[in-house]
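Here is model_3.txt, consisting of compact mmCIF, C-alpha atoms and all ligand atoms:
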# COMPACT_ATOMS: atom_id res chain seq x y z
CA MET A 1 -137.13 -171.32 -178.43
CA SER A 2 -139.47 -174.14 -177.43
CA GLY A 3 -138.97 -177.88 -177.34
CA ARG A 4 -136.19 -178.24 -174.81
CA LYS A 5 -136.28 -181.20 -172.46
CA VAL A 6 -135.78 -179.91 -168.96
CA ILE A 7 -135.25 -181.56 -165.58
CA VAL A 8 -136.35 -179.24 -162.76
CA PHE A 9 -135.11 -180.20 -159.31
CA GLY A 10 -137.35 -178.82 -156.53
CA ALA A 11 -140.35 -178.61 -158.84
CA THR A 12 -142.87 -178.28 -156.00
CA GLY A 13 -141.06 -175.33 -154.39
CA GLU A 14 -142.00 -171.66 -154.48
CA ILE A 15 -139.50 -170.85 -157.22
CA GLY A 16 -139.06 -174.39 -158.55
CA GLY A 17 -142.81 -174.82 -159.12
CA ARG A 18 -143.01 -171.55 -160.99
CA ILE A 19 -140.01 -172.54 -163.10
CA ALA A 20 -141.57 -175.91 -163.97
CA ARG A 21 -144.91 -174.29 -164.82
CA GLY A 22 -143.15 -171.59 -166.89
CA CYS A 23 -141.15 -174.20 -168.82
CA VAL A 24 -144.35 -176.08 -169.74
CA LYS A 25 -145.94 -172.79 -170.84
CA ALA A 26 -142.86 -172.06 -173.00
CA GLY A 27 -143.35 -175.37 -174.81
CA HIS A 28 -140.64 -177.42 -173.13
CA LYS A 29 -140.92 -181.03 -171.97
CA VAL A 30 -140.55 -180.90 -168.18
CA PHE A 31 -139.52 -183.57 -165.69
CA GLY A 32 -140.16 -182.26 -162.16
CA ILE A 33 -138.26 -183.80 -159.26
CA SER A 34 -138.98 -183.65 -155.54
CA ARG A 35 -139.20 -186.06 -152.62
CA GLY A 36 -142.96 -185.53 -152.27
CA LYS A 37 -142.55 -184.13 -148.75
CA ASN A 38 -143.26 -180.44 -149.32
CA THR A 39 -146.30 -179.26 -147.34
CA ARG A 40 -146.29 -175.64 -148.53
CA GLU A 41 -148.54 -174.32 -151.29
CA VAL A 42 -147.64 -175.69 -154.73
CA VAL A 43 -148.56 -173.95 -158.00
CA GLU A 44 -150.52 -175.82 -160.68
CA LEU A 45 -148.14 -178.32 -162.28
CA GLU A 46 -150.26 -179.59 -165.14
CA GLY A 47 -148.03 -180.88 -167.93
CA VAL A 48 -145.07 -181.52 -165.61
CA GLU A 49 -144.02 -185.17 -165.43
CA MET A 50 -143.28 -185.59 -161.72
CA ILE A 51 -140.68 -188.08 -160.57
CA TYR A 52 -140.26 -188.58 -156.84
CA GLY A 53 -136.84 -189.14 -155.31
CA ASP A 54 -134.05 -187.53 -153.33
CA LYS A 55 -131.64 -185.47 -155.42
CA SER A 56 -128.86 -186.27 -152.93
CA ASP A 57 -129.29 -190.00 -153.52
CA GLU A 58 -126.59 -191.11 -155.96
CA ASN A 59 -128.49 -194.27 -156.93
CA PHE A 60 -131.59 -192.23 -157.80
CA ILE A 61 -129.59 -189.80 -159.95
CA ARG A 62 -127.63 -192.54 -161.72
CA ASP A 63 -130.39 -195.11 -162.20
CA THR A 64 -133.46 -192.92 -162.75
CA VAL A 65 -132.69 -189.28 -163.50
CA ALA A 66 -129.71 -189.89 -165.82
CA LYS A 67 -131.86 -192.20 -167.95
CA LEU A 68 -134.46 -189.53 -168.76
CA ASP A 69 -134.50 -187.85 -172.17
CA TYR A 70 -133.29 -184.32 -171.28
CA ASP A 71 -131.00 -181.57 -172.59
CA ALA A 72 -131.16 -179.07 -169.72
CA VAL A 73 -131.15 -179.23 -165.93
CA ILE A 74 -132.45 -176.55 -163.57
CA ASN A 75 -131.72 -177.02 -159.88
CA SER A 76 -133.79 -174.59 -157.81
CA VAL A 77 -132.37 -175.81 -154.48
CA PRO A 78 -128.79 -176.98 -155.16
CA LYS A 79 -126.34 -178.29 -152.63
CA ILE A 80 -122.64 -178.79 -153.32
CA GLU A 81 -123.17 -182.57 -153.56
CA ASP A 82 -125.76 -181.93 -156.30
CA VAL A 83 -123.09 -180.18 -158.38
CA GLU A 84 -120.89 -183.25 -158.13
CA LEU A 85 -123.71 -185.71 -158.92
CA CYS A 86 -124.96 -183.62 -161.81
CA HIS A 87 -121.45 -183.32 -163.24
CA LYS A 88 -120.85 -187.04 -162.80
CA TYR A 89 -124.11 -188.43 -164.18
CA LEU A 90 -126.18 -185.86 -166.09
CA LYS A 91 -123.84 -185.73 -169.07
CA LYS A 92 -126.58 -185.05 -171.66
CA ALA A 93 -127.22 -181.58 -170.21
CA GLU A 94 -126.26 -178.76 -172.57
CA ASN A 95 -127.18 -176.31 -169.82
CA VAL A 96 -127.21 -176.71 -166.05
CA ILE A 97 -128.84 -173.70 -164.40
CA GLN A 98 -128.55 -173.44 -160.64
CA CYS A 99 -130.25 -171.13 -158.19
CA SER A 100 -127.95 -169.34 -155.78
CA SER A 101 -128.41 -166.14 -153.77
CA THR A 102 -127.23 -162.54 -153.62
CA GLY A 103 -126.52 -163.37 -149.98
CA THR A 104 -123.16 -164.57 -151.31
CA PHE A 105 -122.09 -160.97 -152.04
CA VAL A 106 -122.59 -159.26 -148.68
CA PRO A 107 -121.37 -156.95 -147.27
CA LEU A 108 -121.68 -154.87 -150.44
CA ARG A 109 -118.73 -152.64 -151.25
CA TYR A 110 -120.56 -150.57 -153.89
CA PHE A 111 -124.15 -149.87 -154.94
CA PRO A 112 -125.82 -151.11 -156.95
CA ALA A 113 -123.65 -154.24 -156.87
CA ASP A 114 -123.31 -156.39 -159.97
CA GLU A 115 -121.91 -159.80 -160.89
CA ASN A 116 -118.32 -158.50 -160.69
CA HIS A 117 -118.70 -157.78 -156.99
CA PRO A 118 -116.48 -160.03 -154.79
CA TRP A 119 -118.28 -163.10 -153.39
CA ARG A 120 -115.77 -165.92 -153.02
CA GLU A 121 -114.35 -164.94 -149.62
CA LYS A 122 -116.02 -165.84 -146.31
CA THR A 123 -117.36 -162.75 -144.53
CA PRO A 124 -119.18 -162.48 -141.18
CA VAL A 125 -122.54 -162.23 -143.00
CA ASN A 126 -122.40 -163.88 -146.41
CA PHE A 127 -123.90 -167.25 -147.37
CA TYR A 128 -120.47 -168.81 -147.63
CA PRO A 129 -121.52 -172.45 -148.28
CA GLN A 130 -123.33 -171.19 -151.38
CA SER A 131 -120.16 -169.36 -152.46
CA VAL A 132 -118.18 -172.59 -152.11
CA ARG A 133 -120.80 -174.51 -154.14
CA ASP A 134 -120.87 -171.88 -156.89
CA ALA A 135 -117.07 -171.66 -157.02
CA ARG A 136 -116.89 -175.44 -157.45
CA ALA A 137 -119.43 -175.38 -160.29
CA LEU A 138 -117.53 -172.59 -162.08
CA GLU A 139 -114.24 -174.45 -161.61
CA LEU A 140 -115.83 -177.45 -163.36
CA TRP A 141 -116.87 -175.13 -166.20
CA LYS A 142 -113.30 -173.85 -166.54
CA THR A 143 -111.61 -177.24 -166.37
CA GLU A 144 -114.18 -179.56 -167.97
CA LYS A 145 -116.77 -177.33 -169.67
CA PHE A 146 -119.49 -178.35 -167.17
CA PRO A 147 -122.23 -176.13 -168.67
CA ILE A 148 -123.18 -174.29 -165.46
CA THR A 149 -125.10 -171.03 -165.17
CA ILE A 150 -125.70 -169.44 -161.77
CA LEU A 151 -128.73 -167.25 -161.16
CA ARG A 152 -128.67 -165.27 -157.92
CA PRO A 153 -132.03 -164.02 -156.66
CA THR A 154 -132.41 -161.46 -153.90
CA ASN A 155 -134.88 -161.91 -151.01
CA ILE A 156 -137.93 -163.67 -152.47
CA ILE A 157 -141.33 -162.05 -152.20
CA GLY A 158 -144.79 -162.68 -153.64
CA ALA A 159 -147.78 -164.96 -153.21
CA GLY A 160 -146.98 -168.24 -151.48
CA ARG A 161 -144.86 -167.26 -148.50
CA VAL A 162 -144.88 -164.85 -145.55
CA PRO A 163 -142.74 -161.90 -146.67
CA LEU A 164 -139.59 -160.75 -144.88
CA GLU A 165 -140.37 -158.54 -141.87
CA LEU A 166 -138.26 -155.99 -140.03
CA TRP A 167 -137.30 -158.48 -137.33
CA GLY A 168 -135.19 -160.13 -140.02
CA GLY A 169 -137.30 -163.27 -140.54
CA ARG A 170 -140.67 -164.25 -141.97
CA ASP A 171 -142.76 -164.08 -138.82
CA ILE A 172 -146.44 -163.46 -139.51
CA GLU A 173 -146.78 -162.02 -135.96
CA PHE A 174 -145.04 -158.89 -137.19
CA TYR A 175 -147.76 -158.23 -139.77
CA LYS A 176 -150.53 -159.32 -137.37
CA LYS A 177 -149.36 -156.66 -134.92
CA LEU A 178 -149.34 -154.03 -137.66
CA LYS A 179 -152.84 -155.03 -138.75
CA ALA A 180 -154.11 -154.89 -135.15
CA GLY A 181 -152.55 -151.44 -134.65
CA GLU A 182 -150.29 -152.69 -131.84
CA THR A 183 -146.96 -151.03 -131.07
CA VAL A 184 -144.12 -152.73 -132.95
CA HIS A 185 -140.48 -152.52 -131.84
CA ILE A 186 -137.72 -152.76 -134.43
CA ALA A 187 -134.01 -152.06 -134.64
CA PRO A 188 -133.29 -148.69 -136.26
CA CYS A 189 -133.15 -149.88 -139.86
CA GLU A 190 -135.39 -147.62 -141.93
CA ASN A 191 -132.49 -146.32 -144.04
CA ILE A 192 -131.19 -149.76 -144.99
CA LEU A 193 -131.66 -150.71 -148.66
CA LEU A 194 -133.66 -153.82 -149.56
CA GLN A 195 -134.15 -155.21 -153.04
CA SER A 196 -136.67 -158.04 -153.08
CA GLY A 197 -137.28 -160.31 -156.07
CA PHE A 198 -140.87 -161.07 -157.08
CA ASN A 199 -141.24 -164.87 -157.24
CA ASP A 200 -143.01 -165.07 -160.62
CA ASP A 201 -140.38 -162.77 -162.18
CA LEU A 202 -137.47 -164.66 -160.62
CA ALA A 203 -138.80 -167.96 -161.96
CA SER A 204 -139.25 -166.44 -165.43
CA ALA A 205 -135.49 -165.74 -165.51
CA PHE A 206 -134.71 -169.47 -165.43
CA VAL A 207 -137.17 -170.11 -168.27
CA LYS A 208 -135.83 -167.24 -170.39
CA ALA A 209 -132.23 -168.32 -169.81
CA LEU A 210 -133.06 -171.58 -171.62
CA ASP A 211 -133.54 -169.51 -174.78
CA ALA A 212 -129.92 -168.32 -174.73
CA PRO A 213 -128.06 -171.63 -174.25
CA ASP A 214 -124.75 -170.47 -175.72
CA LYS A 215 -124.61 -167.09 -173.96
CA ILE A 216 -125.14 -168.24 -170.39
CA ARG A 217 -122.59 -170.99 -169.73
CA GLY A 218 -119.97 -170.17 -167.10
CA GLU A 219 -121.85 -167.00 -166.13
CA ILE A 220 -123.45 -165.57 -162.98
CA PHE A 221 -126.61 -163.43 -163.24
CA VAL A 222 -128.25 -161.39 -160.50
CA ILE A 223 -132.06 -161.42 -160.67
CA SER A 224 -134.38 -159.21 -158.65
CA THR A 225 -136.83 -156.36 -158.95
CA LYS A 226 -135.51 -153.35 -160.83
CA LYS A 227 -134.67 -151.12 -157.87
CA ALA A 228 -133.84 -151.22 -154.19
CA ILE A 229 -136.10 -149.45 -151.71
CA THR A 230 -135.42 -148.55 -148.09
CA LEU A 231 -136.76 -150.69 -145.28
CA GLY A 232 -138.64 -147.55 -144.21
CA THR A 233 -140.51 -147.54 -147.54
CA TYR A 234 -141.05 -151.29 -147.25
CA LEU A 235 -142.55 -150.89 -143.77
CA GLN A 236 -144.72 -147.97 -144.86
CA THR A 237 -146.01 -150.03 -147.82
CA ALA A 238 -147.08 -152.80 -145.43
CA MET A 239 -148.66 -150.31 -143.05
CA ASP A 240 -150.57 -148.59 -145.85
CA TYR A 241 -151.84 -151.92 -147.19
CA LEU A 242 -152.91 -153.06 -143.70
CA HIS A 243 -154.33 -149.60 -142.80
CA SER A 244 -152.06 -149.80 -139.78
CA LYS A 245 -152.00 -147.14 -137.08
CA SER A 246 -149.24 -148.93 -135.16
CA GLU A 247 -146.61 -146.93 -133.34
CA ILE A 248 -143.13 -148.03 -134.48
CA LYS A 249 -140.53 -147.83 -131.72
CA HIS A 250 -136.78 -148.38 -131.90
CA ALA A 251 -135.09 -150.86 -129.63
CA SER A 252 -131.63 -152.38 -129.17
CA VAL A 253 -131.12 -156.10 -129.77
CA GLU A 254 -131.01 -156.64 -126.00
CA GLU A 255 -134.35 -154.86 -125.64
CA LEU A 256 -135.86 -156.76 -128.58
CA MET A 257 -134.82 -160.04 -126.94
CA LYS A 258 -136.80 -159.06 -123.85
CA ILE A 259 -139.84 -157.71 -125.71
CA TYR A 260 -140.09 -160.69 -128.11
CA PRO A 261 -138.52 -163.61 -126.19
CA HIS A 262 -140.10 -166.22 -128.52
CA ILE A 263 -137.88 -165.03 -131.41
CA THR A 264 -134.38 -166.48 -131.82
CA TRP A 265 -132.50 -163.26 -132.45
CA THR A 266 -129.03 -164.72 -133.08
CA ASN A 267 -127.74 -163.55 -136.50
CA ARG A 268 -131.19 -162.34 -137.55
CA LEU A 269 -130.55 -158.63 -137.71
CA ASP A 270 -126.98 -158.90 -139.00
CA PHE A 271 -128.24 -159.79 -142.45
CA LEU A 272 -131.26 -157.47 -142.40
CA LEU A 273 -128.99 -154.53 -141.61
CA GLU A 274 -126.84 -155.15 -144.71
CA HIS A 275 -127.70 -152.94 -147.67
CA MET A 276 -129.02 -154.91 -150.63
CA SER A 277 -128.91 -153.07 -153.94
CA PHE A 278 -128.22 -154.76 -157.27
CA ASP A 279 -127.99 -154.07 -160.97
CA ILE A 280 -129.99 -156.62 -163.00
CA GLY A 281 -128.75 -155.29 -166.35
CA LYS A 282 -126.68 -158.35 -167.27
CA ALA A 283 -129.73 -160.68 -167.11
CA GLU A 284 -131.80 -158.12 -169.02
CA ARG A 285 -129.23 -157.78 -171.80
CA THR A 286 -128.23 -161.44 -172.08
CA PHE A 287 -131.53 -163.29 -172.05
CA GLY A 288 -134.24 -160.65 -171.90
CA TYR A 289 -135.04 -160.87 -168.19
CA SER A 290 -137.77 -158.39 -167.29
CA THR A 291 -139.75 -157.53 -164.20
CA THR A 292 -143.48 -157.09 -163.77
CA LYS A 293 -143.56 -155.83 -160.19
CA SER A 294 -141.64 -153.45 -157.91
CA GLY A 295 -140.61 -154.36 -154.38
CA GLN A 296 -143.66 -152.55 -152.98
CA GLU A 297 -146.02 -154.37 -155.39
CA GLY A 298 -144.40 -157.71 -154.53
CA LEU A 299 -144.91 -157.03 -150.82
CA VAL A 300 -148.58 -156.20 -151.36
CA SER A 301 -148.98 -159.37 -153.40
CA ALA A 302 -147.45 -161.40 -150.53
CA LEU A 303 -149.67 -159.74 -147.92
CA GLU A 304 -152.77 -160.32 -150.07
CA TRP A 305 -151.79 -163.99 -150.22
CA CYS A 306 -151.27 -164.13 -146.42
CA GLU A 307 -154.80 -162.80 -145.94
CA LYS A 308 -156.32 -165.19 -148.49
CA ALA A 309 -154.47 -168.11 -146.90
CA GLY A 310 -155.92 -167.16 -143.51
CA LEU A 311 -152.54 -166.37 -141.99
CA LEU A 312 -153.21 -162.68 -141.50
N1 LIG A 401 -135.94 -167.34 -149.56
C1 LIG A 401 -135.26 -166.35 -150.08
O1 LIG A 401 -135.52 -165.17 -149.82
C2 LIG A 401 -134.14 -166.66 -151.07
C3 LIG A 401 -133.36 -165.62 -151.54
C4 LIG A 401 -132.40 -165.88 -152.51
C5 LIG A 401 -132.24 -167.17 -152.98
N2 LIG A 401 -132.99 -168.17 -152.46
C6 LIG A 401 -132.81 -169.52 -153.02
O2 LIG A 401 -133.96 -169.78 -153.80
C7 LIG A 401 -134.23 -171.15 -153.75
C8 LIG A 401 -135.62 -171.30 -153.17
O3 LIG A 401 -136.33 -172.17 -153.96
P1 LIG A 401 -137.84 -172.45 -153.60
O4 LIG A 401 -138.45 -171.22 -153.02
O5 LIG A 401 -138.47 -173.03 -154.77
O6 LIG A 401 -137.65 -173.52 -152.39
P2 LIG A 401 -138.75 -174.19 -151.54
O7 LIG A 401 -140.06 -173.53 -151.73
O8 LIG A 401 -138.21 -174.37 -150.16
O9 LIG A 401 -138.89 -175.64 -152.21
C9 LIG A 401 -137.89 -176.59 -152.15
C10 LIG A 401 -138.18 -177.63 -153.24
O10 LIG A 401 -137.10 -178.57 -153.32
C11 LIG A 401 -137.58 -179.88 -153.06
N3 LIG A 401 -136.51 -180.59 -152.37
C12 LIG A 401 -135.88 -180.23 -151.22
N4 LIG A 401 -134.93 -181.12 -150.91
C13 LIG A 401 -134.95 -182.07 -151.89
C14 LIG A 401 -134.20 -183.26 -152.13
N5 LIG A 401 -133.23 -183.65 -151.30
N6 LIG A 401 -134.48 -183.97 -153.24
C15 LIG A 401 -135.46 -183.60 -154.09
N7 LIG A 401 -136.21 -182.47 -153.92
C16 LIG A 401 -135.95 -181.73 -152.83
C17 LIG A 401 -138.84 -179.65 -152.21
O11 LIG A 401 -139.77 -180.71 -152.28
P3 LIG A 401 -139.70 -181.94 -151.24
O12 LIG A 401 -139.50 -181.36 -149.86
O13 LIG A 401 -141.03 -182.59 -151.41
O14 LIG A 401 -138.56 -182.79 -151.69
C18 LIG A 401 -139.42 -178.45 -152.96
O15 LIG A 401 -139.96 -178.88 -154.19
C19 LIG A 401 -133.21 -171.81 -152.86
O16 LIG A 401 -132.16 -172.31 -153.65
C20 LIG A 401 -132.72 -170.64 -152.01
O17 LIG A 401 -131.39 -170.82 -151.57
C21 LIG A 401 -133.94 -167.94 -151.53
If you took the structure in this file and wrote it as structure tokens, what would it be?
Amino acid sequence: MSGRKVIVFGATGEIGGRIARGCVKAGHKVFGISRGKNTREVVELEGVEMIYGDKSDENFIRDTVAKLDYDAVINSVPKIEDVELCHKYLKKAENVIQCSSTGTFVPLRYFPADENHPWREKTPVNFYPQSVRDARALELWKTEKFPITILRPTNIIGAGRVPLELWGGRDIEFYKKLKAGETVHIAPCENILLQSGFNDDLASAFVKALDAPDKIRGEIFVISTKKAITLGTYLQTAMDYLHSKSEIKHASVEELMKIYPHITWTNRLDFLLEHMSFDIGKAERTFGYSTTKSGQEGLVSALEWCEKAGLL
């Protein structure tokens, strides 16, 4: 289905840029929106009509965005205020697709988790503000047929950004140490499950969802790679790629704080130590979502990019 007219908020972002590019490739008219402040790598956006403004600015949404000729809205970086502004002003949208996160679901109560897993309650580790935003959007669907669809990616991996490391962040020092063969201390985490999402594949989900306008409204979809792997496998994949001979040593959080004092450890490991394992079957069945890379392949792709970008 080509020929839709799509507004993509965050069109210079890692996922947003890939969505905008994918929509052009699929034959849609694309209006890309950002503030023009992003300094990270941006994918080729040929064919995207860029409009610069702040999506939180009510005047900009009402006076500029609402006047565009569009039938779908994709918000790659939504805030709760965006839901309200979109509902209030972007009335021509037949579909509003918003990016969320599987961080809303944790801690997981069963594996692999799916869209029926609880996510609305605040827990010590979940991304509760995103739960509140998503709940509000779904309430507007129920009460006023606001045509929302929520796509929830797992941890994003691929070219364009330093991949997650086993300190729980995206610190290139971790991979530099592995490459140099230096000893690396980590919390005991090798048996924890991780399911990354490859950025090109994640972005393709938003583009494919546009082809199933009537099946996606009021629905949540988890998007990711096909299978979870353990953090031990993830680490070994990085070590193999970097030909690393590093010794990996276990340490408590208190010890890690002393060994790596430059890292802010607060809340970092809590999330890393949560199992992440999801079933992507609903997205596959509903709009033909498919994956091209595994978690290991996505990690290699990210590390290749780090080397090419001179970071590693
Ligand atoms: N990182 C992860 O592992 C992970 C996992 C699951 C889900 N997610 C979700 O995935 C999404 C990530 O998207 P991404 O990777 O494309 O983000 P990103 O690379 O950080 O890009 C953000 C984009 O939004 C634009 N932007 C930010 N604030 C704006 C504003 N007020 N008005 C207009 N444009 C604005 C930025 O451009 P300007 O700065 O120039 O405006 C840029 O184009 C987020 O929703 C995140 O919550 C992330």
I'd like the neighbourhood of Leu193 of chain A as a ChimeraX atom specification, where a residue qualifies if any of its atoms comes within 9 Å (using only C-alpha atoms), though same-chain residues fewer than 5 positions away should be ignored.
/A:228-232,273-277
For ligand LIG 401 (chain A), what centre and edge lengths in Å (one decimal) does the axis-aligned box get once 5 Å is added on each side of all its listed atoms, as AutoDock Vina command-line options?
--center_x -136.2 --center_y -174.6 --center_z -152.2 --size_x 19.6 --size_y 28.8 --size_z 15.2
Straight-line distance linking atom CA of Ser34 of chain A with atom CA of Ile51 of chain A, stated in Å to one decimal
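Atom CA of Ile51 of chain A lies 6.9 Å from atom CA of Ser34 of chain A.
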Write out as an mmCIF file with C-alpha atoms, in the coordinates of the input the residues lying within 7 Å of segment 248-260 of chain A, counting all atoms listed in the file and excluding same-chain residues fewer than 5 positions away.
data_model
loop_
_atom_site.group_PDB
_atom_site.id
_atom_site.type_symbol
_atom_site.label_atom_id
_atom_site.label_comp_id
_atom_site.auth_asym_id
_atom_site.auth_seq_id
_atom_site.Cartn_x
_atom_site.Cartn_y
_atom_site.Cartn_z
ATOM 1 C CA THR A 183 -146.960 -151.030 -131.070
ATOM 2 C CA VAL A 184 -144.120 -152.730 -132.950
ATOM 3 C CA HIS A 185 -140.480 -152.520 -131.840
ATOM 4 C CA ILE A 186 -137.720 -152.760 -134.430
ATOM 5 C CA ALA A 187 -134.010 -152.060 -134.640
ATOM 6 C CA PRO A 188 -133.290 -148.690 -136.260
ATOM 7 C CA TRP A 265 -132.500 -163.260 -132.450
#
List all protein, DNA and RNA residues that have any atom at most 6 Å from ligand LIG 401 (chain A), counting only C-alpha atoms and all ligand atoms, and write the list as an MDAnalysis selection string.
chainID A and resid 9:16 33:38 53:56 76:78 99:101 153:156
Give me the residues of segment 37-112 of chain A that have any atom at most 12 Å from an atom of segment 205-222 of chain A; for each, the nearest atom pair and the distance in Å, rounded to one decimal. Use only C-alpha atoms, sort by chain and number, and format it as JSON lines.
{"residue": "A:Asp71", "atom": "CA", "partner": "A:Leu210", "partner_atom": "CA", "distance": 10.2}
{"residue": "A:Ala72", "atom": "CA", "partner": "A:Leu210", "partner_atom": "CA", "distance": 8.0}
{"residue": "A:Val73", "atom": "CA", "partner": "A:Leu210", "partner_atom": "CA", "distance": 9.7}
{"residue": "A:Ile74", "atom": "CA", "partner": "A:Phe206", "partner_atom": "CA", "distance": 7.7}
{"residue": "A:Asn75", "atom": "CA", "partner": "A:Phe206", "partner_atom": "CA", "distance": 9.8}
{"residue": "A:Ser76", "atom": "CA", "partner": "A:Phe206", "partner_atom": "CA", "distance": 9.2}
{"residue": "A:Ala93", "atom": "CA", "partner": "A:Pro213", "partner_atom": "CA", "distance": 10.8}
{"residue": "A:Glu94", "atom": "CA", "partner": "A:Pro213", "partner_atom": "CA", "distance": 7.5}
{"residue": "A:Asn95", "atom": "CA", "partner": "A:Pro213", "partner_atom": "CA", "distance": 6.5}
{"residue": "A:Val96", "atom": "CA", "partner": "A:Arg217", "partner_atom": "CA", "distance": 8.2}
{"residue": "A:Ile97", "atom": "CA", "partner": "A:Phe206", "partner_atom": "CA", "distance": 7.3}
{"residue": "A:Gln98", "atom": "CA", "partner": "A:Phe206", "partner_atom": "CA", "distance": 8.8}
{"residue": "A:Cys99", "atom": "CA", "partner": "A:Phe206", "partner_atom": "CA", "distance": 8.7}
{"residue": "A:Ser100", "atom": "CA", "partner": "A:Val222", "partner_atom": "CA", "distance": 9.3}
{"residue": "A:Ser101", "atom": "CA", "partner": "A:Val222", "partner_atom": "CA", "distance": 8.2}
{"residue": "A:Thr102", "atom": "CA", "partner": "A:Val222", "partner_atom": "CA", "distance": 7.0}
{"residue": "A:Gly103", "atom": "CA", "partner": "A:Val222", "partner_atom": "CA", "distance": 10.8}
{"residue": "A:Thr104", "atom": "CA", "partner": "A:Val222", "partner_atom": "CA", "distance": 11.0}
{"residue": "A:Phe105", "atom": "CA", "partner": "A:Val222", "partner_atom": "CA", "distance": 10.5}
{"residue": "A:Pro112", "atom": "CA", "partner": "A:Val222", "partner_atom": "CA", "distance": 11.1}
Same residues, C-alpha atoms, output as an mmCIF file, keeping the file's coordinate frame:
data_model
loop_
_atom_site.group_PDB
_atom_site.id
_atom_site.type_symbol
_atom_site.label_atom_id
_atom_site.label_comp_id
_atom_site.auth_asym_id
_atom_site.auth_seq_id
_atom_site.Cartn_x
_atom_site.Cartn_y
_atom_site.Cartn_z
ATOM 1 C CA ASP A 71 -131.000 -181.570 -172.590
ATOM 2 C CA ALA A 72 -131.160 -179.070 -169.720
ATOM 3 C CA VAL A 73 -131.150 -179.230 -165.930
ATOM 4 C CA ILE A 74 -132.450 -176.550 -163.570
ATOM 5 C CA ASN A 75 -131.720 -177.020 -159.880
ATOM 6 C CA SER A 76 -133.790 -174.590 -157.810
ATOM 7 C CA ALA A 93 -127.220 -181.580 -170.210
ATOM 8 C CA GLU A 94 -126.260 -178.760 -172.570
ATOM 9 C CA ASN A 95 -127.180 -176.310 -169.820
ATOM 10 C CA VAL A 96 -127.210 -176.710 -166.050
ATOM 11 C CA ILE A 97 -128.840 -173.700 -164.400
ATOM 12 C CA GLN A 98 -128.550 -173.440 -160.640
ATOM 13 C CA CYS A 99 -130.250 -171.130 -158.190
ATOM 14 C CA SER A 100 -127.950 -169.340 -155.780
ATOM 15 C CA SER A 101 -128.410 -166.140 -153.770
ATOM 16 C CA THR A 102 -127.230 -162.540 -153.620
ATOM 17 C CA GLY A 103 -126.520 -163.370 -149.980
ATOM 18 C CA THR A 104 -123.160 -164.570 -151.310
ATOM 19 C CA PHE A 105 -122.090 -160.970 -152.040
ATOM 20 C CA PRO A 112 -125.820 -151.110 -156.950
#
Let me make sure I understand: among A:Arg40, A:Arg268, A:Lys308, A:Arg133, which one has the smallest atom-to-atom distance to Leu164 of chain A if we use all atoms listed in the file?
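Counting all atoms listed in the file, the residue closest to Leu164 of chain A is A:Arg268.
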All residues 12 Å or closer to Glu139 of chain A, all atoms listed in the file, same chain fewer than 5 positions away omitted, as a list of chain:residue names
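Surrounding residues, per the criterion: A:Val83, A:Glu84, A:His87, A:Val132, A:Arg133, A:Asp134, A:Glu144, A:Lys145, A:Phe146, A:Pro147, A:Ile148, A:Thr149, A:Gly218, A:Glu219.
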Expected residue set, 7 Å radius at (-126.6, -158.1, -158.0), all atoms listed in the file, as a PDB file with C-alpha atoms, in the coordinates of the input:
ATOM      1  CA  THR A 102    -127.230-162.540-153.620  1.00  0.00           C
ATOM      2  CA  ALA A 113    -123.650-154.240-156.870  1.00  0.00           C
ATOM      3  CA  ASP A 114    -123.310-156.390-159.970  1.00  0.00           C
ATOM      4  CA  GLU A 115    -121.910-159.800-160.890  1.00  0.00           C
ATOM      5  CA  VAL A 222    -128.250-161.390-160.500  1.00  0.00           C
ATOM      6  CA  ILE A 223    -132.060-161.420-160.670  1.00  0.00           C
ATOM      7  CA  SER A 277    -128.910-153.070-153.940  1.00  0.00           C
ATOM      8  CA  PHE A 278    -128.220-154.760-157.270  1.00  0.00           C
ATOM      9  CA  ASP A 279    -127.990-154.070-160.970  1.00  0.00           C
ATOM     10  CA  ILE A 280    -129.990-156.620-163.000  1.00  0.00           C
TER      11      ILE A 280
END
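Of note, atom CA of Arg109 of chain A and atom CA of Asp270 of chain A are spaced 16.0 Å apart.
When atom CA of Ile61 of chain A is paired with atom CA of Gln130 of chain A, their separation reads 21.4 Å.
The residue that comes closest to Asn199 of chain A, out of A:Gly3, A:Pro129, A:Gly295, A:Pro261 and on the basis of all atoms listed in the file, is A:Gly295.
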I need the residue nearest Leu299 of chain A from this list: A:Lys5, A:Arg161, A:His243, A:Lys67. Use only C-alpha atoms for the distance.
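The shortest atom-to-atom distance to Leu299 of chain A comes from A:Arg161.
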Quick one: residues within 10 Å of Tyr70 of chain A, all atoms listed in the file, excluding same-chain residues fewer than 6 positions away - as a list in words?
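Those residues are Arg4, Lys5, Val6, Ile7, Lys29, Val30, Phe31, Leu90, Lys91, Lys92, Ala93 and Glu94 of chain A.
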Give as a PyMOL selection string every residue, naming chains and numbers as the document does, that has an atom within 12 Å of (-155.3, -159.0, -135.8), counting only C-alpha atoms.
chain A and resi 172-182+242-244+246+307+310-312
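Restricting the calculation to only C-alpha atoms, the smallest distance between Thr264 of chain A and any of A:Gly158, A:Pro163, A:Pro124, A:Gly169 is found for A:Gly169.
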Selected residue of minimal separation from Lys293 of chain A among A:Ala309, A:Ile157, A:His262, A:Thr237, counting all atoms listed in the file
A:Ile157
